[in-house]
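Okay, structure first, notes after.
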Amino acid sequence: MHNQARFPLAAAIAVALAAPALGFAQDDPEAVVDRILVTADPLGDRGPDELVRPVSVVAGDELERRRAATLGEVLDGLPGVANSDFGPGVGRPVVRGLQGSRVQVLEDGMGTSDVSREGADHAIGIDPARAEQVEVFRGPATLLYGSGAAGGVVNVVTRRFAPEFSDDLRVDGRFSYGFNGNDKQGRLALDAPLSTDFVLRADYNIRRTDDFDINGFQQVGQTEGNEDTLRISSIDTDSASLTGLFRGTWGHFGLGVSYWDTDYGIPENFDARPRDLGGQSDDFERVFADALRFDLRGEWVEPMPGFSTARLKMSYTDFEQDEVEFEFDRSPAGGFLDERVVEAQFENKEWDTRLELVHDPIADWRGVVGLQYTDRDFSADDPRGAERGFYVRPNVTRTLAGFVLEELPTDFGRIELGARIERVRSNPEDVIGSRVEGITQADGSFLPLPERLDTKSFTPFSLSAGAVVDLGTDYHMRTVVTHAERAPSPEQLFAFGRHAAAGTFEVGDPNLGKEAYTNFELGFDRHAGPFRFDATAFYNRVSDFTFLASEDDGTGNPVGVNDIGNRAGEGAAADCAPGAGGLCRLRNQLVVNQQANAEFYGVEFSAISQVATGRIPLDFRVSGDYVRGKLRSGENLPRITPMRLGMGFDTRFADWDLSIDFQRVFRQTNTGEAESETGSYNLVGFDLFWQPVLFGNAQLFLQGRNLLDEDGRRHQSFFKEDAPIIGRSFTTGLRFQYGG
């Protein structure tokens with residue numbers, strides 16, 4: 001870490017830990033914190049501070065302050081968690097510098113079964129407006145949820161399958177208007193108890209926006225043309241669900257169906273006027289995606305001798321996504337639509353089944369054993385015909401896993417042990433007659449596209465051991481060691497072609513092996529009283545880490561190829577005149593899946609202290625994180641989250657609640673090959689809530705974000721060169737709950 005980065009991080013930790021000595025309110029033995037259960041924990045009855053693995057839970061008032069249209073936005077700024085966007089329509093969580101297929105996203109404990117892991121431009125197939133609680137497991141969680149959780153797990157918890165309901169009808173909703181982008185959002189949900197044992201739940205959510213405002217030019221290095229607008233960033237999203245749930249002394253059982261549909265733009269500096277009139281790109285991409293999902297959830301009390309609880313979770317998802325290019329003819333008036341072409345079509349049909357059995361204590365050990373089976377049929381084709389090329393070879397992947405997690409209460413705290421073994425088998429289809437012949441590699445050799453590939457099988461095995469040590473009644477020390485293995489994802493194995501909306505030409509490697517993570521965690525927290533904190537240090541050593549590597553073209557920029565993989569001067573790209581279209585356009589960044597030994601290490605902390613109590617209470621918050629990701633040979637890994645430091649205040653008076661937040665995102669100079677640095681920027685925001693008595697359970701709110709109108713670039717984003725963060729924005733709205 002650079003010296004300039006060490007000082008603010010150390011200072012923030014010192015401020016947080018020295019808070020009581022600075023005159024903040026001292027310990028109140030009556031002060032308590034509401035207990036929140038982590039539903040993604042298989043034991044099902046533990047809170048965040050009782051788990052060995054570091055877990056952040058966002059619920060209640062904090063979740064209301066964080067409400068946003070994408071999951072990455074909701075979680076951005078949590079210690080160790082960032083947002084890797086690809087425009088406002090896509091917000092994916094990054095955990096400790098890892099993203100994509102290494103961060104498993106769940107809804108009520110089951111995978112979202114979308115294609116967000118297969119491309120940085122793909123939205124997560126879930127509407128966070130439905131969330132009642134969001135749980136984030138930081139660090140390898142393969143023990144619980146398999147290879148896709150090597151970086152972490154994010155679980156979105158809804159009310160759909162919660163067995164708690166009253167005899168009264170419940171209606172809740174949230175409606176808001178954002179002045180930046182004409183952003184209109186709405187949600188309406190209904191709980192209709194038809195008897196004391198059965199409830200019918202339904203919800204509908206909607207979002208409509210125009211293009212968003214930014215500060216300055218859209219692209220890095222742009223000096224003319226469109227300014228202050230993020231072109232092609234509008235979003236249309238709808239989602240709905242219907243769920244029926246039975247309950248009794250025996251447990252509960254629910255069936256549900258949900259639907260999600262979105263249409264969002266991939267921001268492009270689009271202006272189809274002639275270039276001498278300021279015109280820029282004469283085409284742009286939009287993504288159209290929808291998912292139909294069926295869920296079953298069941299929990300039984302004392303299902304058989306020796307077991308206290310049995311849980312069965314099943315889901316089936318039919319997901320489709322089209323990436324559409326809109327091509328325009330140039331004209332002084334701004335151009336007219338010439339052609340609308342579906343360039344890539346993704347389909348994912350996935351069955352997921354999970355069984356958990358919580359056993360009675362055996363020699364004081366209590367724990368859970370489980371099985372999980374996933375059957376995934378995935379394809380990513382060019383619907384214009386196989387001869388046009390493809391992104392990822394169609395494949396069927398089946399995974400069977402067994403796991404066990406055991407906990408032993410001790411005089412000093414708790415010990416936890418766990419293990420998981422999987423069998424992953426991916427069967428790729430043949431691809432005959434593609435016009436993509438192959439690509440020229442960095443060393444000048446030619447890599448042909450293989451028409452046939454063998455089935456790939458892997459057996460990842462993971463182990464974990466850790467302890468929570470009680471240091472008095474208010475403090476914990478946590479330590480855990482995890483050995484986690486991850487099978488390469490299908491796109492890392494089988495990609496070989498243009499990914500249109502992402503602007504990349506990706507090449508997989510069918511000879512990739514398993515990744516192996518050895519992760520060490522040491523945490524210290526105070527979980528009670530008016531001054532609370534949580535600090536964690538980690539070191540994650542990875543063997544055979546798979547990453548997307550770019551190649552420097554000799555000028556510091558990544559190599560670009562045309563739609564069939566030709567570099568400048570070869571194949572269809574030879575003898576092209578400047579400005580020529582078609583296969584003369586080298587518009588795709590060439591990225592290749594490679595393996596090398598790597599390491600990640602860093603620190604995360606957060607603290608909150610009561611500065612004042614009484615009629616106008618005041619809480620002070622501080623948080624920060626730092627992660628370093630590099631190859632063990634010394635080279636930097638690309639797209640690693642920069643260091644961040646934040647602080648904030650919470651207060652209330654009469655019917656008003658106010659929160660003010662500041663976050664400093666530091667400059668990132670540790671860049672991978674052909675990757676540019678990103679500068680620092682400051683984020684300032686506020687949340688103001690008004691809930692007079694006559695409103696009952698209704699609340700008006702006003703939120704401000706990026707009040708300094710910063711032109712920031714998220715270093716962890718694949719899209720940082722093409723789109724900055726959204727400019728200054730204000731959102732006002734109403735949320736309410738009646739009955740229930």
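How things are named: the first chain in the structure tokens is A, the next is B, and so on; residues count from 1 in each chain; ligands count from 1 in the order shown.
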Can you list, as a ChimeraX atom specification, every residue of range 322-476 of chain A that DSSP puts in strand (DSSP E or B)?
/A:322-329,336-362,365-381,390-409,413-428,438-440,446-448,456-458,461-471,475-476
Give the helix (DSSP H, G or I) residues of range 101-215 of chain A, as DSSP finds them on the backbone, and put them as JSON, numbers by chain.
{"A": [101, 102, 116, 117, 118, 128, 129, 130, 142, 143, 144, 145, 147, 148, 149]}
Prev. selection, C-alpha atoms, output as an mmCIF file, in the first residue's frame:
```cif
data_model
loop_
_atom_site.group_PDB
_atom_site.id
_atom_site.type_symbol
_atom_site.label_atom_id
_atom_site.label_comp_id
_atom_site.auth_asym_id
_atom_site.auth_seq_id
_atom_site.Cartn_x
_atom_site.Cartn_y
_atom_site.Cartn_z
ATOM 1 C CA SER A 101 -18.872 -16.456 -11.127
ATOM 2 C CA ARG A 102 -17.061 -16.299 -7.765
ATOM 3 C CA SER A 116 -25.096 -12.597 -14.607
ATOM 4 C CA ARG A 117 -22.009 -14.739 -13.998
ATOM 5 C CA GLU A 118 -21.383 -15.039 -17.748
ATOM 6 C CA PRO A 128 -34.010 -5.881 -4.749
ATOM 7 C CA ALA A 129 -37.232 -3.942 -4.085
ATOM 8 C CA ARG A 130 -38.587 -7.240 -2.741
ATOM 9 C CA THR A 142 -17.990 -22.795 -0.829
ATOM 10 C CA LEU A 143 -18.630 -24.921 2.247
ATOM 11 C CA LEU A 144 -22.247 -23.760 2.254
ATOM 12 C CA TYR A 145 -23.040 -23.030 -1.387
ATOM 13 C CA SER A 147 -17.893 -23.496 -6.249
ATOM 14 C CA GLY A 148 -19.773 -20.356 -7.206
ATOM 15 C CA ALA A 149 -19.205 -18.978 -3.692
#
```
List the spatial neighbours of Thr479 in chain A as an mmCIF file with N, CA and C atoms, in the first residue's frame - criterion: any atom at most 8 Å away, only C-alpha atoms, same-chain residues fewer than 2 positions off excluded.
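Contents of part.cif, freshly written:
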```
data_model
loop_
_atom_site.group_PDB
_atom_site.id
_atom_site.type_symbol
_atom_site.label_atom_id
_atom_site.label_comp_id
_atom_site.auth_asym_id
_atom_site.auth_seq_id
_atom_site.Cartn_x
_atom_site.Cartn_y
_atom_site.Cartn_z
ATOM 1 N N VAL A 52 -18.722 -17.799 12.663
ATOM 2 C CA VAL A 52 -17.268 -17.714 12.518
ATOM 3 C C VAL A 52 -16.908 -16.872 11.305
ATOM 4 N N GLY A 466 -12.898 -23.148 12.503
ATOM 5 C CA GLY A 466 -12.827 -21.825 13.093
ATOM 6 C C GLY A 466 -13.372 -21.813 14.495
ATOM 7 N N ALA A 467 -13.227 -20.665 15.144
ATOM 8 C CA ALA A 467 -13.685 -20.520 16.523
ATOM 9 C C ALA A 467 -14.119 -19.091 16.775
ATOM 10 N N VAL A 468 -15.110 -18.956 17.648
ATOM 11 C CA VAL A 468 -15.517 -17.665 18.196
ATOM 12 C C VAL A 468 -15.159 -17.686 19.670
ATOM 13 N N MET A 477 -13.651 -12.529 19.596
ATOM 14 C CA MET A 477 -12.573 -12.696 18.633
ATOM 15 C C MET A 477 -12.944 -13.876 17.752
ATOM 16 N N VAL A 481 -9.959 -20.764 9.365
ATOM 17 C CA VAL A 481 -9.088 -21.197 8.267
ATOM 18 C C VAL A 481 -9.936 -22.025 7.321
ATOM 19 N N PHE A 520 -7.285 -17.232 5.465
ATOM 20 C CA PHE A 520 -7.136 -17.021 6.900
ATOM 21 C C PHE A 520 -7.890 -15.747 7.281
ATOM 22 N N GLU A 521 -8.681 -15.812 8.350
ATOM 23 C CA GLU A 521 -9.429 -14.658 8.839
ATOM 24 C C GLU A 521 -9.131 -14.464 10.324
ATOM 25 N N LEU A 522 -9.025 -13.216 10.715
ATOM 26 C CA LEU A 522 -8.921 -12.877 12.133
ATOM 27 C C LEU A 522 -9.776 -11.648 12.366
ATOM 28 N N GLY A 523 -10.776 -11.772 13.237
ATOM 29 C CA GLY A 523 -11.693 -10.676 13.479
ATOM 30 C C GLY A 523 -11.849 -10.379 14.953
#
```
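Counting only C-alpha atoms, Val603 in chain A has the following residues at most 8 Å away, ignoring those fewer than 6 positions along the same chain: Ala535, Thr536, Ala537, Phe538, Asp625, Tyr626 and Val627 of chain A.
Here CA of Arg330 in chain A and CA of Gly582 in chain A stand 15.4 Å from one another.
Distance annotation: of A:Gly87, A:Gly146, A:Pro274, A:Pro578, the residue with the minimal separation from Ile421 in chain A is A:Gly146; atom set is only C-alpha atoms.
Taking CA of Met304 in chain A and CA of Gly244 in chain A as endpoints, the distance between them is 25.7 Å.
Relative to CA of Glu347 in chain A, CA of Ile266 in chain A is found at 19.6 Å.
Considering the residues A:Gly119, A:Gly565, A:Gly733, A:Pro88 and counting only C-alpha atoms, His499 in chain A has its shortest atom-to-atom contact with A:Gly119.
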A:Pro140, A:Arg65, A:Asp282, A:Gly402: which is nearest Phe686 in chain A, counting only C-alpha atoms?
A:Arg65
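Among A:Asp108, A:Asp711, A:Asp41, A:Asp172, the residue with the shortest atom-to-atom distance to Pro724 in chain A, counting only C-alpha atoms, is A:Asp711.
Here the question is which of A:Ala502, A:Pro638, A:Pro617, A:Gly139 gets nearest to Arg53 in chain A using only C-alpha atoms, and that residue is A:Gly139.
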Residues within 12 Å of Val436 in chain A, only C-alpha atoms, excluding chain neighbours under 2 positions, as a PyMOL selection string:
chain A and resi 386-391+431-434+438-440+447-451+496-498+505+507+561-566+571-572+583
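Minimum atom-to-atom distances from A:Pro193, A:Gly97, A:Gly413, A:Gly111 to Lys313 in chain A were compared using only C-alpha atoms, and the lowest value belongs to A:Gly111.
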Applying 12 Å and only C-alpha atoms, which residues near Leu292 in chain A remain after dropping the ones on its own chain fewer than 3 positions away? List them as a compact mmCIF listing (two decimals) with N, CA and C atoms, in the first residue's frame.
```
# COMPACT_ATOMS: atom_id res chain seq x y z
N THR A 112 -29.97 -17.54 -8.11
CA THR A 112 -30.86 -16.79 -9.00
C THR A 112 -30.99 -17.43 -10.38
N SER A 113 -30.04 -18.30 -10.74
CA SER A 113 -30.13 -19.08 -11.99
C SER A 113 -30.28 -18.19 -13.22
N ASP A 114 -29.56 -17.07 -13.23
CA ASP A 114 -29.57 -16.18 -14.38
C ASP A 114 -28.26 -16.36 -15.16
N GLY A 125 -30.81 -11.39 -12.12
CA GLY A 125 -32.23 -11.61 -12.33
C GLY A 125 -33.04 -11.58 -11.06
N ILE A 126 -32.96 -10.48 -10.32
CA ILE A 126 -33.69 -10.35 -9.07
C ILE A 126 -34.00 -8.88 -8.87
N SER A 239 -41.38 -6.67 -12.28
CA SER A 239 -41.28 -7.97 -11.62
C SER A 239 -42.53 -8.21 -10.80
N ALA A 240 -42.87 -9.47 -10.60
CA ALA A 240 -44.07 -9.82 -9.85
C ALA A 240 -43.90 -11.21 -9.27
N SER A 241 -44.66 -11.50 -8.22
CA SER A 241 -44.63 -12.84 -7.64
C SER A 241 -45.98 -13.15 -7.01
N LEU A 242 -46.27 -14.44 -6.92
CA LEU A 242 -47.47 -14.96 -6.25
C LEU A 242 -47.06 -16.20 -5.48
N GLY A 256 -44.48 -21.02 -4.93
CA GLY A 256 -44.55 -19.68 -5.49
C GLY A 256 -44.07 -19.63 -6.93
N VAL A 257 -44.53 -18.60 -7.63
CA VAL A 257 -44.08 -18.33 -8.98
C VAL A 257 -43.70 -16.85 -9.04
N SER A 258 -42.65 -16.53 -9.76
CA SER A 258 -42.22 -15.14 -9.90
C SER A 258 -41.78 -14.88 -11.33
N TYR A 259 -41.86 -13.59 -11.70
CA TYR A 259 -41.52 -13.18 -13.06
C TYR A 259 -40.70 -11.91 -12.98
N TRP A 260 -39.70 -11.81 -13.84
CA TRP A 260 -38.82 -10.63 -13.89
C TRP A 260 -38.54 -10.32 -15.36
N ASP A 261 -38.69 -9.05 -15.72
CA ASP A 261 -38.50 -8.64 -17.11
C ASP A 261 -37.80 -7.29 -17.11
N ALA A 289 -34.10 -8.99 -21.16
CA ALA A 289 -34.00 -10.24 -20.41
C ALA A 289 -35.28 -10.49 -19.64
N ASP A 295 -40.80 -21.85 -7.30
CA ASP A 295 -40.11 -22.18 -6.06
C ASP A 295 -40.98 -23.03 -5.16
N SER A 315 -36.13 -25.11 -6.87
CA SER A 315 -36.46 -24.02 -7.79
C SER A 315 -36.19 -24.47 -9.22
N TYR A 316 -37.00 -23.93 -10.11
CA TYR A 316 -36.77 -24.12 -11.55
C TYR A 316 -36.88 -22.74 -12.20
N THR A 317 -35.89 -22.39 -13.01
CA THR A 317 -35.84 -21.08 -13.65
C THR A 317 -35.66 -21.23 -15.15
N ASP A 318 -36.47 -20.51 -15.89
CA ASP A 318 -36.34 -20.41 -17.35
C ASP A 318 -35.96 -18.97 -17.65
N PHE A 319 -34.69 -18.76 -18.01
CA PHE A 319 -34.15 -17.41 -18.21
C PHE A 319 -33.76 -17.23 -19.66
N GLU A 320 -34.11 -16.08 -20.23
CA GLU A 320 -33.74 -15.75 -21.61
C GLU A 320 -33.23 -14.32 -21.67
N GLU A 347 -29.79 -18.44 -23.17
CA GLU A 347 -30.87 -19.21 -22.54
C GLU A 347 -30.28 -20.03 -21.40
N ASN A 348 -30.98 -20.04 -20.28
CA ASN A 348 -30.53 -20.82 -19.14
C ASN A 348 -31.75 -21.46 -18.47
N LYS A 349 -31.79 -22.78 -18.51
CA LYS A 349 -32.86 -23.53 -17.84
C LYS A 349 -32.19 -24.33 -16.72
N GLU A 350 -32.65 -24.08 -15.49
CA GLU A 350 -31.90 -24.61 -14.35
C GLU A 350 -32.83 -25.14 -13.26
```
Need to verify the contact set: Tyr517 in chain A, 8 Å, only C-alpha atoms, exclusion of same-chain residues closer than 5 positions in sequence. Can you return it as a PyMOL selection string?
chain A and resi 140+150+482-485+540-543
Would you save the residues of that selection, restricted to C-alpha atoms, as a PDB file, in the first residue's frame?
```
ATOM      1  CA  PRO A 140     -14.924 -18.209   0.618  1.00  0.00           C
ATOM      2  CA  ALA A 150     -15.397 -18.932  -3.703  1.00  0.00           C
ATOM      3  CA  THR A 482     -10.713 -22.374   5.039  1.00  0.00           C
ATOM      4  CA  HIS A 483      -9.473 -24.567   2.226  1.00  0.00           C
ATOM      5  CA  ALA A 484     -11.885 -24.062  -0.673  1.00  0.00           C
ATOM      6  CA  GLU A 485     -11.790 -25.457  -4.192  1.00  0.00           C
ATOM      7  CA  ASN A 540      -6.416 -15.469   0.755  1.00  0.00           C
ATOM      8  CA  ARG A 541      -3.800 -17.515  -1.111  1.00  0.00           C
ATOM      9  CA  VAL A 542      -5.053 -18.917  -4.423  1.00  0.00           C
ATOM     10  CA  SER A 543      -3.480 -21.590  -6.563  1.00  0.00           C
TER      11      SER A 543
END
```
